[in-house]
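Below: the structure, in structure tokens.
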Amino acid sequence: MRAFVFPGQGSQKIGMGADLAAASAAAREVFQEVDEVLGQNLSRIMREGPDEELMLTENAQPAIMANAIAVLRVLEREGGVTLTEKCDFVAGHSLGEYTALCAVGAFSLADTARLLKLRGQSMQAAVPVGQGAMTALLGADIEKATALAEAAAEGQVCSVANDNDPGQVVLSGHREAIERAIGLVKEHGIKRGVMLPVSAPFHCALMAPAADAMAAALGATPPAPLRLPLFANVTAAMVTDPADVQRLLVEQVTGRVRWRESAVAMHEAGVAHFVELGGKVVGPMIKRSAGDVEVTSVTMMDEIEALAKAL
């Protein structure tokens, strides 16, 4: 069995999608549609920067999605690959969950772009700049990370935002609490804590206003039936009902991204081959989590062509 997976924030970089757009009309159409829907030249920011503009959450989220969907469209149109014939499940890391849902027809490309633009804007607006932070704990499992978060909180928000793989967990919350956590890593048997270059503390209770905004947006643009099952971030379990998907997307804004558990659950469901489209970030996490699986990451035209031949 095979799963197609999609990257989240942090996978953006200047030049993303440029080579693919130059090589494929299918990719160009994706970038053009997203530009038109958002009323901005997002593809230029992706191609040329500046970096601080691409890093903005409201730009990074739709950009990462557009890049991944462009890869998928090229694979489908020029590689002759039909998703439902070559794939059994989909999953995406944080915003990548929206990309996965777009891939299986729950949202149109236009609606996905609009939802992610709003998601980025509402996440940024939820917490004043400088008041929140996130740290990646290296050499930490979920038990050590949870104990550290509880010790560092001291009445503030400090919680596990991303359980990425057996050796990397991300904490999110008030900046002071995150700084305390970094100072306590050695006491908790953790190798080190690295402050992440993010503009808001994602996937924690401080994102409640953004969750409310997404609840309203998803109420107006509910997901359609899925062509393939999704493994959801907040449950690490398979979901197919659109109403459940809608509820879980709202919970995901403040909830934990259970990526390690999702990788294990997909492997236990029979997935032996994971294909990451549009990045090379979440595939390696899956390999470290699920163990004896094949992982293929594709972003460029030659990689897409090789994958199409192999499928």
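Labeling convention for the structure tokens: chains A, B, ... as they appear, residues from 1 per chain, ligands from 1 in order of appearance.
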Exercise for review: Compile the contact shell of segment 123-139 of chain A as number ranges by chain: residues with an atom at most 7 Å away, counting only C-alpha atoms, same-chain residues fewer than 5 positions apart removed.
Suggested key: A: 57, 167-175, 178, 190-196, 199-201, 206-207, 209-210
Emit the selected residues as a PDB file, in the first residue's frame, including N, CA and C atoms.
ATOM      1  N   THR A  57       3.687  34.003   7.466  1.00  0.00           N
ATOM      2  CA  THR A  57       2.807  32.834   7.541  1.00  0.00           C
ATOM      3  C   THR A  57       1.703  32.863   6.486  1.00  0.00           C
ATOM      4  N   GLY A 167      12.940  11.433  17.697  1.00  0.00           N
ATOM      5  CA  GLY A 167      14.001  12.264  18.256  1.00  0.00           C
ATOM      6  C   GLY A 167      13.775  13.752  18.111  1.00  0.00           C
ATOM      7  N   GLN A 168      12.567  14.172  17.656  1.00  0.00           N
ATOM      8  CA  GLN A 168      12.298  15.598  17.492  1.00  0.00           C
ATOM      9  C   GLN A 168      10.856  15.931  17.870  1.00  0.00           C
ATOM     10  N   VAL A 169      10.732  16.751  18.889  1.00  0.00           N
ATOM     11  CA  VAL A 169       9.430  17.224  19.349  1.00  0.00           C
ATOM     12  C   VAL A 169       9.498  18.750  19.428  1.00  0.00           C
ATOM     13  N   VAL A 170       8.421  19.428  19.045  1.00  0.00           N
ATOM     14  CA  VAL A 170       8.381  20.885  19.056  1.00  0.00           C
ATOM     15  C   VAL A 170       7.425  21.366  20.147  1.00  0.00           C
ATOM     16  N   LEU A 171       7.894  22.335  20.927  1.00  0.00           N
ATOM     17  CA  LEU A 171       7.049  22.979  21.933  1.00  0.00           C
ATOM     18  C   LEU A 171       6.614  24.349  21.442  1.00  0.00           C
ATOM     19  N   SER A 172       5.442  24.791  21.912  1.00  0.00           N
ATOM     20  CA  SER A 172       4.886  26.078  21.505  1.00  0.00           C
ATOM     21  C   SER A 172       4.228  26.743  22.697  1.00  0.00           C
ATOM     22  N   GLY A 173       4.263  28.077  22.725  1.00  0.00           N
ATOM     23  CA  GLY A 173       3.587  28.780  23.808  1.00  0.00           C
ATOM     24  C   GLY A 173       4.113  30.186  23.994  1.00  0.00           C
ATOM     25  N   HIS A 174       3.946  30.702  25.229  1.00  0.00           N
ATOM     26  CA  HIS A 174       4.464  32.033  25.554  1.00  0.00           C
ATOM     27  C   HIS A 174       5.984  32.046  25.432  1.00  0.00           C
ATOM     28  N   ARG A 175       6.530  33.131  24.931  1.00  0.00           N
ATOM     29  CA  ARG A 175       7.985  33.211  24.714  1.00  0.00           C
ATOM     30  C   ARG A 175       8.778  32.939  25.996  1.00  0.00           C
ATOM     31  N   ILE A 178       8.828  29.247  26.704  1.00  0.00           N
ATOM     32  CA  ILE A 178       9.669  28.530  25.751  1.00  0.00           C
ATOM     33  C   ILE A 178      11.152  28.763  26.065  1.00  0.00           C
ATOM     34  N   ILE A 190      17.548  15.968  27.503  1.00  0.00           N
ATOM     35  CA  ILE A 190      17.334  16.314  26.099  1.00  0.00           C
ATOM     36  C   ILE A 190      18.600  16.972  25.559  1.00  0.00           C
ATOM     37  N   LYS A 191      18.965  16.620  24.341  1.00  0.00           N
ATOM     38  CA  LYS A 191      20.226  17.099  23.763  1.00  0.00           C
ATOM     39  C   LYS A 191      20.276  18.625  23.695  1.00  0.00           C
ATOM     40  N   ARG A 192      19.293  19.231  23.026  1.00  0.00           N
ATOM     41  CA  ARG A 192      19.244  20.697  22.998  1.00  0.00           C
ATOM     42  C   ARG A 192      17.902  21.184  22.483  1.00  0.00           C
ATOM     43  N   GLY A 193      17.651  22.464  22.723  1.00  0.00           N
ATOM     44  CA  GLY A 193      16.447  23.110  22.220  1.00  0.00           C
ATOM     45  C   GLY A 193      16.834  24.241  21.293  1.00  0.00           C
ATOM     46  N   VAL A 194      16.223  24.288  20.135  1.00  0.00           N
ATOM     47  CA  VAL A 194      16.546  25.296  19.129  1.00  0.00           C
ATOM     48  C   VAL A 194      15.317  26.178  18.904  1.00  0.00           C
ATOM     49  N   MET A 195      15.457  27.464  19.128  1.00  0.00           N
ATOM     50  CA  MET A 195      14.349  28.395  18.877  1.00  0.00           C
ATOM     51  C   MET A 195      14.051  28.418  17.375  1.00  0.00           C
ATOM     52  N   LEU A 196      12.790  28.257  17.013  1.00  0.00           N
ATOM     53  CA  LEU A 196      12.425  28.211  15.600  1.00  0.00           C
ATOM     54  C   LEU A 196      12.119  29.606  15.061  1.00  0.00           C
ATOM     55  N   SER A 199       6.802  33.152  13.237  1.00  0.00           N
ATOM     56  CA  SER A 199       6.230  34.441  13.619  1.00  0.00           C
ATOM     57  C   SER A 199       5.083  34.319  14.612  1.00  0.00           C
ATOM     58  N   ALA A 200       4.712  33.088  14.967  1.00  0.00           N
ATOM     59  CA  ALA A 200       3.625  32.880  15.928  1.00  0.00           C
ATOM     60  C   ALA A 200       3.767  31.488  16.548  1.00  0.00           C
ATOM     61  N   PRO A 201       3.168  31.281  17.731  1.00  0.00           N
ATOM     62  CA  PRO A 201       3.248  29.978  18.401  1.00  0.00           C
ATOM     63  C   PRO A 201       2.127  29.042  17.942  1.00  0.00           C
ATOM     64  N   LEU A 206      -2.852  29.242  22.625  1.00  0.00           N
ATOM     65  CA  LEU A 206      -2.835  30.650  22.255  1.00  0.00           C
ATOM     66  C   LEU A 206      -3.445  30.903  20.874  1.00  0.00           C
ATOM     67  N   MET A 207      -3.609  29.840  20.098  1.00  0.00           N
ATOM     68  CA  MET A 207      -4.177  29.968  18.753  1.00  0.00           C
ATOM     69  C   MET A 207      -5.714  29.895  18.726  1.00  0.00           C
ATOM     70  N   PRO A 209      -8.131  32.118  18.979  1.00  0.00           N
ATOM     71  CA  PRO A 209      -8.825  33.027  18.056  1.00  0.00           C
ATOM     72  C   PRO A 209      -8.730  32.576  16.595  1.00  0.00           C
ATOM     73  N   ALA A 210      -7.600  31.980  16.226  1.00  0.00           N
ATOM     74  CA  ALA A 210      -7.455  31.475  14.859  1.00  0.00           C
ATOM     75  C   ALA A 210      -8.356  30.271  14.628  1.00  0.00           C
TER      76      ALA A 210
END
Segment 81-288 of chain A: residues DSSP assigns to strand (DSSP E), reported as a tab-separated table (two decimals) with C-alpha atoms, in the first residue's frame:
chain	number	residue	atom	x	y	z
A	89	PHE	CA	-4.15	7.14	1.87
A	90	VAL	CA	-3.08	10.78	2.15
A	91	ALA	CA	-1.72	12.86	5.03
A	92	GLY	CA	-0.14	16.27	5.48
A	132	GLY	CA	4.89	33.65	21.46
A	133	ALA	CA	7.63	31.26	20.36
A	134	MET	CA	8.39	27.67	19.39
A	135	THR	CA	11.38	25.45	20.03
A	136	ALA	CA	12.49	22.20	18.42
A	137	LEU	CA	13.76	19.74	21.01
A	138	LEU	CA	16.46	17.55	19.53
A	158	CYS	CA	3.93	25.69	27.05
A	159	SER	CA	2.85	22.52	25.30
A	160	VAL	CA	3.77	19.96	22.68
A	161	ALA	CA	2.87	21.33	19.24
A	162	ASN	CA	4.49	18.74	16.96
A	163	ASP	CA	5.46	15.17	17.74
A	164	ASN	CA	7.51	14.84	14.56
A	165	ASP	CA	9.59	11.70	15.03
A	168	GLN	CA	12.30	15.60	17.49
A	169	VAL	CA	9.43	17.22	19.35
A	170	VAL	CA	8.38	20.88	19.06
A	171	LEU	CA	7.05	22.98	21.93
A	172	SER	CA	4.89	26.08	21.50
A	173	GLY	CA	3.59	28.78	23.81
A	174	HIS	CA	4.46	32.03	25.55
A	192	ARG	CA	19.24	20.70	23.00
A	193	GLY	CA	16.45	23.11	22.22
A	194	VAL	CA	16.55	25.30	19.13
A	195	MET	CA	14.35	28.40	18.88
A	230	LEU	CA	-6.96	10.99	5.24
A	231	PHE	CA	-4.86	10.27	8.33
A	238	MET	CA	-8.03	7.50	9.37
A	239	VAL	CA	-10.96	9.80	8.56
A	273	HIS	CA	5.73	3.21	0.43
A	274	PHE	CA	5.41	6.89	1.35
A	275	VAL	CA	5.65	9.55	-1.37
A	276	GLU	CA	6.29	13.14	-0.25
A	277	LEU	CA	5.21	15.67	-2.87
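What separates atom CA of Arg44 of chain A from atom CA of Ala26 of chain A is a distance of 17.1 Å.
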Check your understanding: Contacts of Leu228 of chain A at 7 Å or less, counting only C-alpha atoms, minus same-chain residues fewer than 5 places along, as a list in words?
Key -> Thr84, Asp88, Phe89 and Val104 of chain A
Preceding selection exported with N, CA and C atoms as a PDB file, in the first residue's frame:
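This went into out_28.pdb:
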ATOM      1  N   THR A  84      -5.996   7.956  -7.329  1.00  0.00           N
ATOM      2  CA  THR A  84      -6.791   6.911  -6.678  1.00  0.00           C
ATOM      3  C   THR A  84      -6.353   5.499  -7.070  1.00  0.00           C
ATOM      4  N   ASP A  88      -3.308   4.874  -1.578  1.00  0.00           N
ATOM      5  CA  ASP A  88      -4.362   4.347  -0.710  1.00  0.00           C
ATOM      6  C   ASP A  88      -4.807   5.336   0.362  1.00  0.00           C
ATOM      7  N   PHE A  89      -3.861   6.150   0.831  1.00  0.00           N
ATOM      8  CA  PHE A  89      -4.151   7.143   1.874  1.00  0.00           C
ATOM      9  C   PHE A  89      -3.388   8.429   1.578  1.00  0.00           C
ATOM     10  N   VAL A 104      -7.242  15.117  -2.766  1.00  0.00           N
ATOM     11  CA  VAL A 104      -8.291  14.092  -2.860  1.00  0.00           C
ATOM     12  C   VAL A 104      -9.672  14.685  -3.096  1.00  0.00           C
TER      13      VAL A 104
END
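Of the residues in segment 141-215 of chain A, those that DSSP places in alpha helix (DSSP H) on the basis of the backbone are Ile142, Glu143, Lys144, Ala145, Thr146, Ala147, Leu148, Ala149, Glu150, Ala151, Ala152, Ala153, Arg175, Glu176, Ala177, Ile178, Glu179, Arg180, Ala181, Ile182, Gly183, Ala208, Pro209, Ala210, Ala211, Asp212, Ala213, Met214 and Ala215 of chain A.
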Exercise for review: Go through A:Lys86, A:Gly279, A:Val295, A:Gly255 and flag the residue nearest His267 of chain A, using only C-alpha atoms for the distances.
Suggested key: A:Val295
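Taking atom CA of Met300 of chain A as the reference point, atom CA of Arg258 of chain A is found at 28.0 Å.
Here the question is which of A:Glu261, A:Glu53, A:Glu33, A:Glu85 gets nearest to Ala110 of chain A using only C-alpha atoms, and that residue is A:Glu33.
With distances restricted to only C-alpha atoms, A:Leu75 is the closest residue to Ala308 of chain A from A:Ile14, A:Ile45, A:Met55, A:Leu75.
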Check your understanding: What lies within 10 Å of Ala272 of chain A using only C-alpha atoms, ignoring chain neighbours under 4 positions off, as a ChimeraX atom specification?
Key -> /A:1-3,266-268,290-295
Cut-off 7 Å: closest segment 93-131 of chain A/segment 211-225 of chain A atom pairs per residue, using only C-alpha atoms, as CSV:
residue,atom,partner,partner_atom,distance
A:Gly105,CA,A:Ala224,CA,7.0
A:Ala106,CA,A:Ala224,CA,4.4
A:Phe107,CA,A:Pro223,CA,5.8
A:Arg119,CA,A:Met214,CA,6.6
A:Ser122,CA,A:Ala213,CA,6.7
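If only C-alpha atoms are the atoms counted, then among A:Leu226, A:His93, A:Glu305, A:Val81 the closest residue to Val281 of chain A is A:His93.
Atom pair atom CA of Ala149 of chain A / atom CA of Val245 of chain A has a distance of 28.6 Å (rounded to one decimal).
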Review point. Can you tell me, as a ChimeraX atom specification, what residues are no more than 9 Å from Phe31 of chain A when counting only C-alpha atoms, ignoring any on the same chain fewer than 4 positions away?
Key: /A:17,21,27,35-36,42-43,63,66-67,70
Could those selected residues go to a file with C-alpha atoms, as a PDB file, in the first residue's frame?
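As a result, again_32.pdb now contains:
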ATOM      1  CA  GLY A  17       8.490  25.800  -7.988  1.00  0.00           C
ATOM      2  CA  ALA A  21       6.975  26.065 -13.773  1.00  0.00           C
ATOM      3  CA  ALA A  27       2.596  23.588 -12.902  1.00  0.00           C
ATOM      4  CA  ASP A  35      -2.081  34.143  -7.855  1.00  0.00           C
ATOM      5  CA  GLU A  36      -5.463  35.101  -9.326  1.00  0.00           C
ATOM      6  CA  LEU A  42       2.601  34.879  -4.822  1.00  0.00           C
ATOM      7  CA  SER A  43       4.497  32.938  -7.494  1.00  0.00           C
ATOM      8  CA  ALA A  63       2.951  28.864  -1.272  1.00  0.00           C
ATOM      9  CA  ALA A  66       0.692  25.513  -4.374  1.00  0.00           C
ATOM     10  CA  ASN A  67       4.141  24.006  -4.852  1.00  0.00           C
ATOM     11  CA  ALA A  70       1.877  21.703  -8.828  1.00  0.00           C
TER      12      ALA A  70
END
